[in-house]
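Okay, start18.pdb now, which holds PDB, C-alpha atoms:
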ATOM      1  CA  MET P 641       0.000   0.000   0.000
ATOM      2  CA  ALA P 642       1.054   3.517  -0.010
ATOM      3  CA  SER P 643       2.482   2.805   3.354
ATOM      4  CA  SER P 644       2.880  -0.138   5.639
ATOM      5  CA  ILE P 645      -0.224  -0.952   7.622
ATOM      6  CA  ASP P 646      -1.948  -3.962   9.044
ATOM      7  CA  CYS P 647      -5.471  -4.401   7.727
ATOM      8  CA  PRO P 648      -7.879  -7.192   8.679
ATOM      9  CA  PRO P 649      -8.419  -9.802   5.971
ATOM     10  CA  ARG P 650     -11.360  -8.988   3.687
ATOM     11  CA  PRO P 651     -13.032 -11.030   0.979
ATOM     12  CA  ARG P 652     -11.565 -10.329  -2.426
ATOM     13  CA  HIS P 653     -11.723 -11.553  -5.959
ATOM     14  CA  ARG P 654      -8.350 -12.756  -7.179
ATOM     15  CA  ALA P 655      -7.177 -13.763 -10.579
ATOM     16  CA  PRO P 656      -5.228 -17.043 -10.545
ATOM     17  CA  TYR P 657      -1.690 -16.461  -9.305
ATOM     18  CA  ARG P 658       0.710 -17.024 -12.161
ATOM     19  CA  ALA P 659       3.668 -18.944 -10.798
ATOM     20  CA  GLY P 660       5.978 -17.558 -13.423
ATOM     21  CA  ARG P 661       9.186 -19.188 -12.288
ATOM     22  CA  ARG P 662      10.465 -20.452  -9.048
ATOM     23  CA  ALA P 663      10.683 -17.761  -6.417
ATOM     24  CA  GLY P 664      14.461 -17.645  -5.754
ATOM     25  CA  ALA P 665      16.203 -17.352  -2.389
ATOM     26  CA  SER P 666      14.627 -15.606   0.549
ATOM     27  CA  ALA P 667      15.699 -12.159   1.573
ATOM     28  CA  ARG P 668      18.030 -10.876   4.218
ATOM     29  CA  VAL P 669      17.848  -7.634   6.135
ATOM     30  CA  ARG P 670      18.655  -5.282   8.891
ATOM     31  CA  GLY P 671      15.308  -3.750   9.843
ATOM     32  CA  ARG P 672      11.654  -2.921  10.960
ATOM     33  CA  VAL P 673       8.034  -1.878   9.845
ATOM     34  CA  ALA P 674       5.076   0.412  10.620
ATOM     35  CA  PRO P 675       1.386   0.570  11.728
ATOM     36  CA  ALA P 676      -1.483   2.557  10.338
ATOM     37  CA  ALA P 677      -0.843   6.267  10.866
ATOM     38  CA  VAL P 678      -2.972   7.525   8.022
ATOM     39  CA  ALA P 679      -6.604   7.427   7.034
ATOM     40  CA  LEU P 680      -6.142   4.520   4.680
ATOM     41  CA  VAL P 681      -8.648   2.003   3.377
ATOM     42  CA  VAL P 682      -7.003  -0.977   1.760
ATOM     43  CA  LEU P 683      -9.079  -3.858   0.477
ATOM     44  CA  ALA P 684      -6.204  -6.219   1.033
ATOM     45  CA  THR P 685      -4.413  -8.067   3.765
ATOM     46  CA  LEU P 686      -1.329  -5.957   4.203
ATOM     47  CA  SER P 687       1.127  -4.776   6.805
ATOM     48  CA  GLY P 688       3.947  -2.734   5.346
ATOM     49  CA  CYS P 689       3.108  -1.179   2.046
ATOM     50  CA  GLY P 690       1.689  -4.599   1.462
ATOM     51  CA  ALA P 691       2.353  -7.807   3.334
ATOM     52  CA  GLY P 692       5.469  -8.958   5.133
ATOM     53  CA  THR P 693       7.357  -9.011   8.438
ATOM     54  CA  GLY P 694      10.706  -8.396  10.028
ATOM     55  CA  THR P 695      13.841 -10.281   9.127
ATOM     56  CA  ALA P 696      16.737 -11.726  11.018
ATOM     57  CA  ALA P 697      19.459  -9.616  12.560
ATOM     58  CA  ARG P 698      21.722  -8.113   9.949
ATOM     59  CA  ASP P 699      24.801 -10.068  11.002
ATOM     60  CA  VAL P 700      23.142 -13.492  10.827
ATOM     61  CA  PRO P 701      25.129 -15.616   8.355
ATOM     62  CA  ALA P 702      23.689 -16.688   5.023
ATOM     63  CA  GLY P 703      21.108 -19.417   5.290
ATOM     64  CA  GLY P 704      19.642 -17.954   8.497
ATOM     65  CA  ALA P 705      16.022 -17.358   9.408
ATOM     66  CA  PRO P 706      13.243 -17.589   6.825
ATOM     67  CA  GLY P 707      12.395 -14.377   5.034
ATOM     68  CA  THR P 708      16.012 -13.259   4.919
ATOM     69  CA  VAL P 709      18.287 -13.170   1.932
ATOM     70  CA  HIS P 710      20.866 -15.943   1.757
ATOM     71  CA  THR P 711      23.811 -13.683   1.277
ATOM     72  CA  ALA P 712      27.084 -14.339  -0.427
ATOM     73  CA  PRO P 713      30.029 -12.179  -1.428
ATOM     74  CA  GLY P 714      29.289  -9.817  -4.283
ATOM     75  CA  ALA P 715      31.180  -9.431  -7.530
ATOM     76  CA  ALA P 716      34.944  -9.637  -7.250
ATOM     77  CA  ASP P 717      36.965  -6.504  -7.823
ATOM     78  CA  THR P 718      38.497  -6.124 -11.242
ATOM     79  CA  ALA P 719      40.201  -3.299 -13.058
ATOM     80  CA  GLN P 720      37.891  -0.680 -14.472
ATOM     81  CA  GLY P 721      38.656   0.811 -17.849
ATOM     82  CA  ARG P 722      38.958   4.566 -18.148
ATOM     83  CA  PRO P 723      38.100   6.718 -21.129
ATOM     84  CA  GLY P 724      41.112   7.521 -23.246
ATOM     85  CA  ALA P 725      42.746   7.003 -26.590
ATOM     86  CA  GLY P 726      42.263   3.414 -27.659
ATOM     87  CA  THR P 727      40.781   2.479 -24.262
ATOM     88  CA  GLU P 728      37.275   1.075 -24.012
ATOM     89  CA  THR P 729      35.282   2.124 -20.952
ATOM     90  CA  ARG P 730      34.075  -0.883 -18.960
ATOM     91  CA  PRO P 731      31.235  -1.075 -16.460
ATOM     92  CA  PRO P 732      32.491  -0.838 -12.861
ATOM     93  CA  ALA P 733      33.360  -4.123 -11.168
ATOM     94  CA  ARG P 734      31.524  -2.955  -8.042
ATOM     95  CA  ILE P 735      28.207  -1.196  -7.616
ATOM     96  CA  PRO P 736      28.944   2.413  -6.604
ATOM     97  CA  GLY P 737      28.036   3.483  -3.083
ATOM     98  CA  LEU P 738      28.024   0.006  -1.528
ATOM     99  CA  GLY P 739      30.554  -0.831   1.162
ATOM    100  CA  PRO P 740      32.135  -4.246   1.813
ATOM    101  CA  ARG P 741      29.522  -5.425   4.313
ATOM    102  CA  THR P 742      26.615  -4.485   2.060
ATOM    103  CA  ARG P 743      28.288  -6.098  -0.956
ATOM    104  CA  ALA P 744      28.801  -9.272   1.059
ATOM    105  CA  TRP P 745      25.035  -9.527   1.580
ATOM    106  CA  ILE P 746      24.347  -9.661  -2.157
ATOM    107  CA  PRO P 747      23.954 -13.280  -3.334
ATOM    108  CA  ALA P 748      26.714 -14.387  -5.697
ATOM    109  CA  ASN P 749      24.183 -15.336  -8.382
ATOM    110  CA  ALA P 750      22.397 -11.959  -8.403
ATOM    111  CA  ARG P 751      22.699 -10.291 -11.808
ATOM    112  CA  GLN P 752      20.077  -7.560 -11.267
ATOM    113  CA  VAL P 753      20.346  -5.266  -8.244
ATOM    114  CA  VAL P 754      17.878  -2.483  -7.466
ATOM    115  CA  VAL P 755      19.709   0.024  -5.255
ATOM    116  CA  VAL P 756      17.542   2.369  -3.155
ATOM    117  CA  THR P 757      19.639   5.059  -1.482
ATOM    118  CA  GLY P 758      18.086   7.343   1.122
ATOM    119  CA  ARG P 759      19.347  10.873   1.563
ATOM    120  CA  ASP P 760      20.051  10.215   5.263
ATOM    121  CA  LYS P 761      18.866   7.993   8.103
ATOM    122  CA  ASP P 762      15.799  10.142   8.861
ATOM    123  CA  ALA P 763      14.855  11.198   5.321
ATOM    124  CA  ASN P 764      11.803   9.912   3.456
ATOM    125  CA  ARG P 765      13.106  10.677  -0.017
ATOM    126  CA  SER P 766      15.477   8.429  -1.901
ATOM    127  CA  ARG P 767      16.787   7.547  -5.347
ATOM    128  CA  VAL P 768      16.608   4.244  -7.171
ATOM    129  CA  VAL P 769      19.002   2.791  -9.750
ATOM    130  CA  LEU P 770      18.752  -0.638 -11.378
ATOM    131  CA  TYR P 771      22.169  -2.237 -11.931
ATOM    132  CA  GLN P 772      22.596  -5.185 -14.291
ATOM    133  CA  HIS P 773      25.679  -7.348 -14.587
ATOM    134  CA  THR P 774      27.066  -7.414 -18.108
ATOM    135  CA  GLY P 775      29.562 -10.217 -17.564
ATOM    136  CA  SER P 776      32.421  -7.783 -17.093
ATOM    137  CA  GLY P 777      30.885  -5.396 -14.576
ATOM    138  CA  TRP P 778      27.784  -3.619 -13.287
ATOM    139  CA  GLU P 779      25.946  -1.273 -15.618
ATOM    140  CA  GLY P 780      23.600   1.212 -13.975
ATOM    141  CA  GLY P 781      20.388   2.514 -15.485
ATOM    142  CA  PRO P 782      18.868   5.972 -14.999
ATOM    143  CA  GLU P 783      18.324   7.389 -11.524
ATOM    144  CA  TRP P 784      14.674   7.515 -10.429
ATOM    145  CA  PRO P 785      13.275   9.594  -7.545
ATOM    146  CA  ALA P 786      11.399   7.673  -4.866
ATOM    147  CA  HIS P 787       9.787   7.913  -1.452
ATOM    148  CA  ASN P 788      10.422   5.661   1.525
ATOM    149  CA  ALA P 789       9.020   5.567   5.063
ATOM    150  CA  LEU P 790       7.996   8.748   6.864
ATOM    151  CA  LYS P 791      10.743   8.562   9.500
ATOM    152  CA  GLY P 792      13.488   7.220   7.259
ATOM    153  CA  TRP P 793      15.452   3.983   7.732
ATOM    154  CA  THR P 794      16.287   1.415  10.383
ATOM    155  CA  ASP P 795      18.382  -1.730  10.663
ATOM    156  CA  ASP P 796      16.043  -3.067  13.362
ATOM    157  CA  HIS P 797      12.628  -2.771  11.749
ATOM    158  CA  ARG P 798       9.553  -3.278  13.922
ATOM    159  CA  ALA P 799       5.867  -3.038  13.122
ATOM    160  CA  GLY P 800       4.696   0.536  13.465
ATOM    161  CA  ASP P 801       8.046   2.314  13.576
ATOM    162  CA  LEU P 802       7.362   4.211  10.321
ATOM    163  CA  ARG P 803      10.829   3.360   9.023
ATOM    164  CA  SER P 804      11.922   1.311   6.021
ATOM    165  CA  PRO P 805      14.153  -1.704   6.697
ATOM    166  CA  ILE P 806      17.813  -1.506   5.704
ATOM    167  CA  GLY P 807      19.219  -4.561   3.992
ATOM    168  CA  VAL P 808      19.415  -6.805   0.947
ATOM    169  CA  PHE P 809      16.274  -8.704  -0.081
ATOM    170  CA  THR P 810      15.278 -10.883  -2.993
ATOM    171  CA  LEU P 811      12.518  -9.823  -5.393
ATOM    172  CA  THR P 812      10.446 -12.843  -6.385
ATOM    173  CA  ASP P 813       6.765 -11.889  -6.680
ATOM    174  CA  ALA P 814       4.592  -9.121  -8.083
ATOM    175  CA  GLY P 815       0.966  -8.162  -8.480
ATOM    176  CA  GLY P 816      -1.411  -5.267  -8.698
ATOM    177  CA  LEU P 817      -4.846  -3.933  -9.422
ATOM    178  CA  LEU P 818      -3.963  -3.492 -13.105
ATOM    179  CA  PRO P 819      -3.258  -6.278 -15.616
ATOM    180  CA  ASP P 820       0.207  -7.779 -15.860
ATOM    181  CA  PRO P 821       2.317  -5.235 -17.802
ATOM    182  CA  GLY P 822       4.541  -7.981 -19.201
ATOM    183  CA  THR P 823       6.711  -9.031 -16.269
ATOM    184  CA  GLU P 824       8.575 -12.330 -15.991
ATOM    185  CA  LEU P 825       7.882 -12.366 -12.242
ATOM    186  CA  PRO P 826       4.841 -14.309 -11.018
ATOM    187  CA  TYR P 827       2.032 -11.713 -11.100
ATOM    188  CA  ASP P 828      -1.172 -11.714  -9.038
ATOM    189  CA  ARG P 829      -3.848  -9.408 -10.426
ATOM    190  CA  SER P 830      -6.409  -8.897  -7.686
ATOM    191  CA  GLU P 831      -8.962  -6.427  -6.358
ATOM    192  CA  GLY P 832      -7.179  -6.954  -3.053
ATOM    193  CA  PHE P 833      -4.686  -4.326  -4.220
ATOM    194  CA  THR P 834      -7.315  -1.557  -4.064
ATOM    195  CA  ALA P 835      -6.203   1.387  -1.902
ATOM    196  CA  GLY P 836      -8.064   4.471  -0.739
ATOM    197  CA  GLY P 837      -7.911   7.307   1.749
ATOM    198  CA  THR P 838      -5.110   9.813   2.115
ATOM    199  CA  GLY P 839      -1.423   9.715   3.023
ATOM    200  CA  PHE P 840       0.663  11.596   5.562
ATOM    201  CA  GLU P 841       0.575  14.814   3.545
ATOM    202  CA  GLY P 842      -3.100  14.577   2.612
ATOM    203  CA  GLU P 843      -2.349  13.093  -0.811
ATOM    204  CA  PRO P 844      -4.809  10.532  -2.251
ATOM    205  CA  LEU P 845      -3.628   6.929  -2.063
ATOM    206  CA  GLU P 846      -5.802   5.656  -4.887
ATOM    207  CA  GLY P 847      -3.746   3.796  -7.479
ATOM    208  CA  SER P 848      -0.791   3.167  -5.144
ATOM    209  CA  PHE P 849      -1.109  -0.578  -5.653
ATOM    210  CA  ASP P 850      -1.803  -0.574  -9.356
ATOM    211  CA  TYR P 851       1.600  -2.270  -9.592
ATOM    212  CA  VAL P 852       3.568  -3.770  -6.704
ATOM    213  CA  ILE P 853       6.680  -5.890  -6.271
ATOM    214  CA  ALA P 854       6.959  -7.684  -2.948
ATOM    215  CA  ILE P 855      10.247  -7.111  -1.139
ATOM    216  CA  ASP P 856      11.118 -10.429   0.523
ATOM    217  CA  TYR P 857      11.300  -8.988   4.011
ATOM    218  CA  ASN P 858       9.784 -11.408   6.533
ATOM    219  CA  ARG P 859       7.534 -13.052   3.958
ATOM    220  CA  GLU P 860       7.322 -16.352   2.090
ATOM    221  CA  PRO P 861       8.867 -16.014  -1.380
ATOM    222  CA  GLY P 862       6.824 -17.673  -4.100
ATOM    223  CA  THR P 863       3.477 -16.366  -2.833
ATOM    224  CA  SER P 864       1.265 -13.433  -3.791
ATOM    225  CA  PRO P 865       2.343 -10.079  -2.296
ATOM    226  CA  LEU P 866      -1.012 -10.232  -0.481
ATOM    227  CA  ASP P 867       0.045 -13.309   1.488
ATOM    228  CA  ARG P 868       0.263 -12.478   5.201
ATOM    229  CA  THR P 869       2.650 -15.203   6.323
ATOM    230  CA  ARG P 870       5.224 -13.708   8.711
ATOM    231  CA  PRO P 871       8.029 -16.243   9.343
ATOM    232  CA  LEU P 872       9.617 -14.097  12.063
ATOM    233  CA  GLY P 873       6.401 -12.973  13.705
ATOM    234  CA  ALA P 874       4.057 -10.016  13.308
ATOM    235  CA  ASP P 875       6.089  -7.793  15.620
ATOM    236  CA  ARG P 876       8.813  -7.618  12.988
ATOM    237  CA  GLY P 877       6.482  -5.828  10.609
ATOM    238  CA  GLY P 878       5.894  -6.746   6.986
ATOM    239  CA  GLY P 879       4.090  -5.900   3.804
ATOM    240  CA  ILE P 880       7.122  -4.072   2.466
ATOM    241  CA  TRP P 881       6.634  -3.437  -1.247
ATOM    242  CA  LEU P 882       7.861  -1.443  -4.186
ATOM    243  CA  HIS P 883       4.710   0.272  -5.426
ATOM    244  CA  VAL P 884       3.335   3.272  -7.306
ATOM    245  CA  ASP P 885       4.250   6.618  -5.761
ATOM    246  CA  HIS P 886       1.450   8.762  -4.280
ATOM    247  CA  GLN P 887       3.630  11.855  -3.862
ATOM    248  CA  GLY P 888       4.241  11.390  -0.173
ATOM    249  CA  PRO P 889       6.153   9.272   2.364
ATOM    250  CA  THR P 890       5.155   5.680   3.020
ATOM    251  CA  GLN P 891       4.836   3.620   6.174
ATOM    252  CA  GLY P 892       7.691   1.313   5.186
ATOM    253  CA  CYS P 893       7.616   0.720   1.438
ATOM    254  CA  VAL P 894       9.537   2.285  -1.437
ATOM    255  CA  SER P 895       7.419   4.037  -4.070
ATOM    256  CA  LEU P 896       8.220   4.957  -7.685
ATOM    257  CA  SER P 897       6.251   6.627 -10.447
ATOM    258  CA  GLU P 898       3.872   4.324 -12.315
ATOM    259  CA  ARG P 899       6.001   4.580 -15.455
ATOM    260  CA  HIS P 900       9.117   3.495 -13.590
ATOM    261  CA  MET P 901       7.254   0.660 -11.863
ATOM    262  CA  GLU P 902       6.131  -0.611 -15.266
ATOM    263  CA  GLU P 903       9.689  -0.419 -16.574
ATOM    264  CA  LEU P 904      11.049  -2.239 -13.550
ATOM    265  CA  LEU P 905       8.432  -4.983 -13.818
ATOM    266  CA  ARG P 906       9.244  -5.532 -17.486
ATOM    267  CA  THR P 907      12.985  -5.642 -16.814
ATOM    268  CA  LEU P 908      13.293  -7.883 -13.762
ATOM    269  CA  ASP P 909      14.034 -11.478 -14.712
ATOM    270  CA  PRO P 910      13.824 -14.351 -12.196
ATOM    271  CA  ASP P 911      16.614 -16.131 -14.088
ATOM    272  CA  ARG P 912      18.906 -13.236 -13.154
ATOM    273  CA  HIS P 913      18.016 -13.546  -9.441
ATOM    274  CA  PRO P 914      17.061  -9.904  -8.785
ATOM    275  CA  VAL P 915      17.560  -8.369  -5.348
ATOM    276  CA  ILE P 916      16.965  -4.979  -3.792
ATOM    277  CA  VAL P 917      19.605  -3.196  -1.707
ATOM    278  CA  MET P 918      17.974  -0.463   0.360
ATOM    279  CA  GLY P 919      18.929   1.971   3.090
ATOM    280  CA  ASP P 920      20.404   5.379   3.767
ATOM    281  CA  ALA P 921      23.660   6.259   2.007
ATOM    282  CA  ASP P 922      25.843   5.965   5.119
ATOM    283  CA  SER P 923      24.482   2.525   6.026
ATOM    284  CA  LEU P 924      24.862   1.183   2.508
ATOM    285  CA  GLY P 925      28.436   2.447   2.425
ATOM    286  CA  GLU P 926      29.436   0.209   5.338
TER     287      GLU P 926
END
Rewrite the structure from the file as structure tokens, please.
Amino acid sequence: MASSIDCPPRPRHRAPYRAGRRAGASARVRGRVAPAAVALVVLATLSGCGAGTGTAARDVPAGGAPGTVHTAPGAADTAQGRPGAGTETRPPARIPGLGPRTRAWIPANARQVVVVTGRDKDANRSRVVLYQHTGSGWEGGPEWPAHNALKGWTDDHRAGDLRSPIGVFTLTDAGGLLPDPGTELPYDRSEGFTAGGTGFEGEPLEGSFDYVIAIDYNREPGTSPLDRTRPLGADRGGGIWLHVDHQGPTQGCVSLSERHMEELLRTLDPDRHPVIVMGDADSLGE
């Protein structure tokens, strides 16, 4: 939803969930989630901007608790070409802005990485860049503006803290109120993604869930984003999604313009094991 909130289950019509490909590894984090702090009516069973829950502590080794990313060292460092006479410019061997600890969380098989960088720990505005591995390095796409949670970021996310979780999470499932725009991810079109009411700044929330991508934070990969399973318990929050921006801060999710959500959905490929790396710039630089 436009923010993270827990709503009671309500009857809904749902189109058959298309199990596009297997849902990849679960996601790993450092973080929390938020309760309803806005007049929001969501005809879905959600808890973050959608449905999810907290993940294991950030220093838990790969293969830890369910709902966390099984992390592995990122791409090895190699020489980067520089522009010059007779020299071909190569993509960087490392994703810019990510420190050694953050890179170590990225699974070794990930070839698509969505990087969400917050301005600072307490800011609710961020920027998003999709990086794709070319075989010789990481090539970044355009930078997109985004919103995150009202109070910024946390590496110890809890339900109701109005902060987005910091960490690295797999991206395995999508859905929305609108028809599948052509994604390779399993896509659940359902009226359960209907949103209404207003956000923190009085902005309308209608259309916020036209397109969503579930962030595998304390959820079961391979299920609809509407699924409310919380492997680590409800107190760890959940329902953390990428979704359509409503021009205001969220309760835990990351929101992009509808055009950029469509582009992201069409680009992400389960065979390339996409993940999202999200947090404030200082935390991601660790």
Test item: the PyMOL selection byres ((chain P and resi 783) around 12) resolved as a ChimeraX atom specification: /P:754-757,766-771,780-782,784-786,896,900
Which residue out of P:Glu926, P:Leu882, P:Arg759, P:Leu905 has the minimum interatomic distance to Pro819 in chain P when only C-alpha atoms are used?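 Under the stated criterion, the closest residue is P:Leu905.
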Shell of 8 Å around Lys791 in chain P, all atoms listed in the file, local chain residues under 2 positions omitted, as an MDAnalysis selection string: chainID P and resid 762:764 789 793 801:803
If you measure from CA of Asn788 in chain P to CA of Gly758 in chain P, what distance in Å do you get, rounded to one decimal?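 Pair CA of Asn788 in chain P / CA of Gly758 in chain P returns 7.9 Å.
Atom to atom, CA of Ala814 in chain P and CA of Gly792 in chain P stand 24.1 Å apart.
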Min atom-atom distance to Ser804 in chain P from the set P:Lys761, P:Pro910, P:Val884, P:Arg741, counting only C-alpha atoms, belongs to P:Lys761
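The gap separating CA of Gly815 in chain P from CA of Phe849 in chain P is 8.4 Å, in Å to one decimal.
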Show me the residues around (6.1, -6.7, -15.3) - criterion: an atom at most 12 Å away, all atoms listed in the file counted - as a ChimeraX atom specification. /P:660,812-816,818-829,850-853,898-910
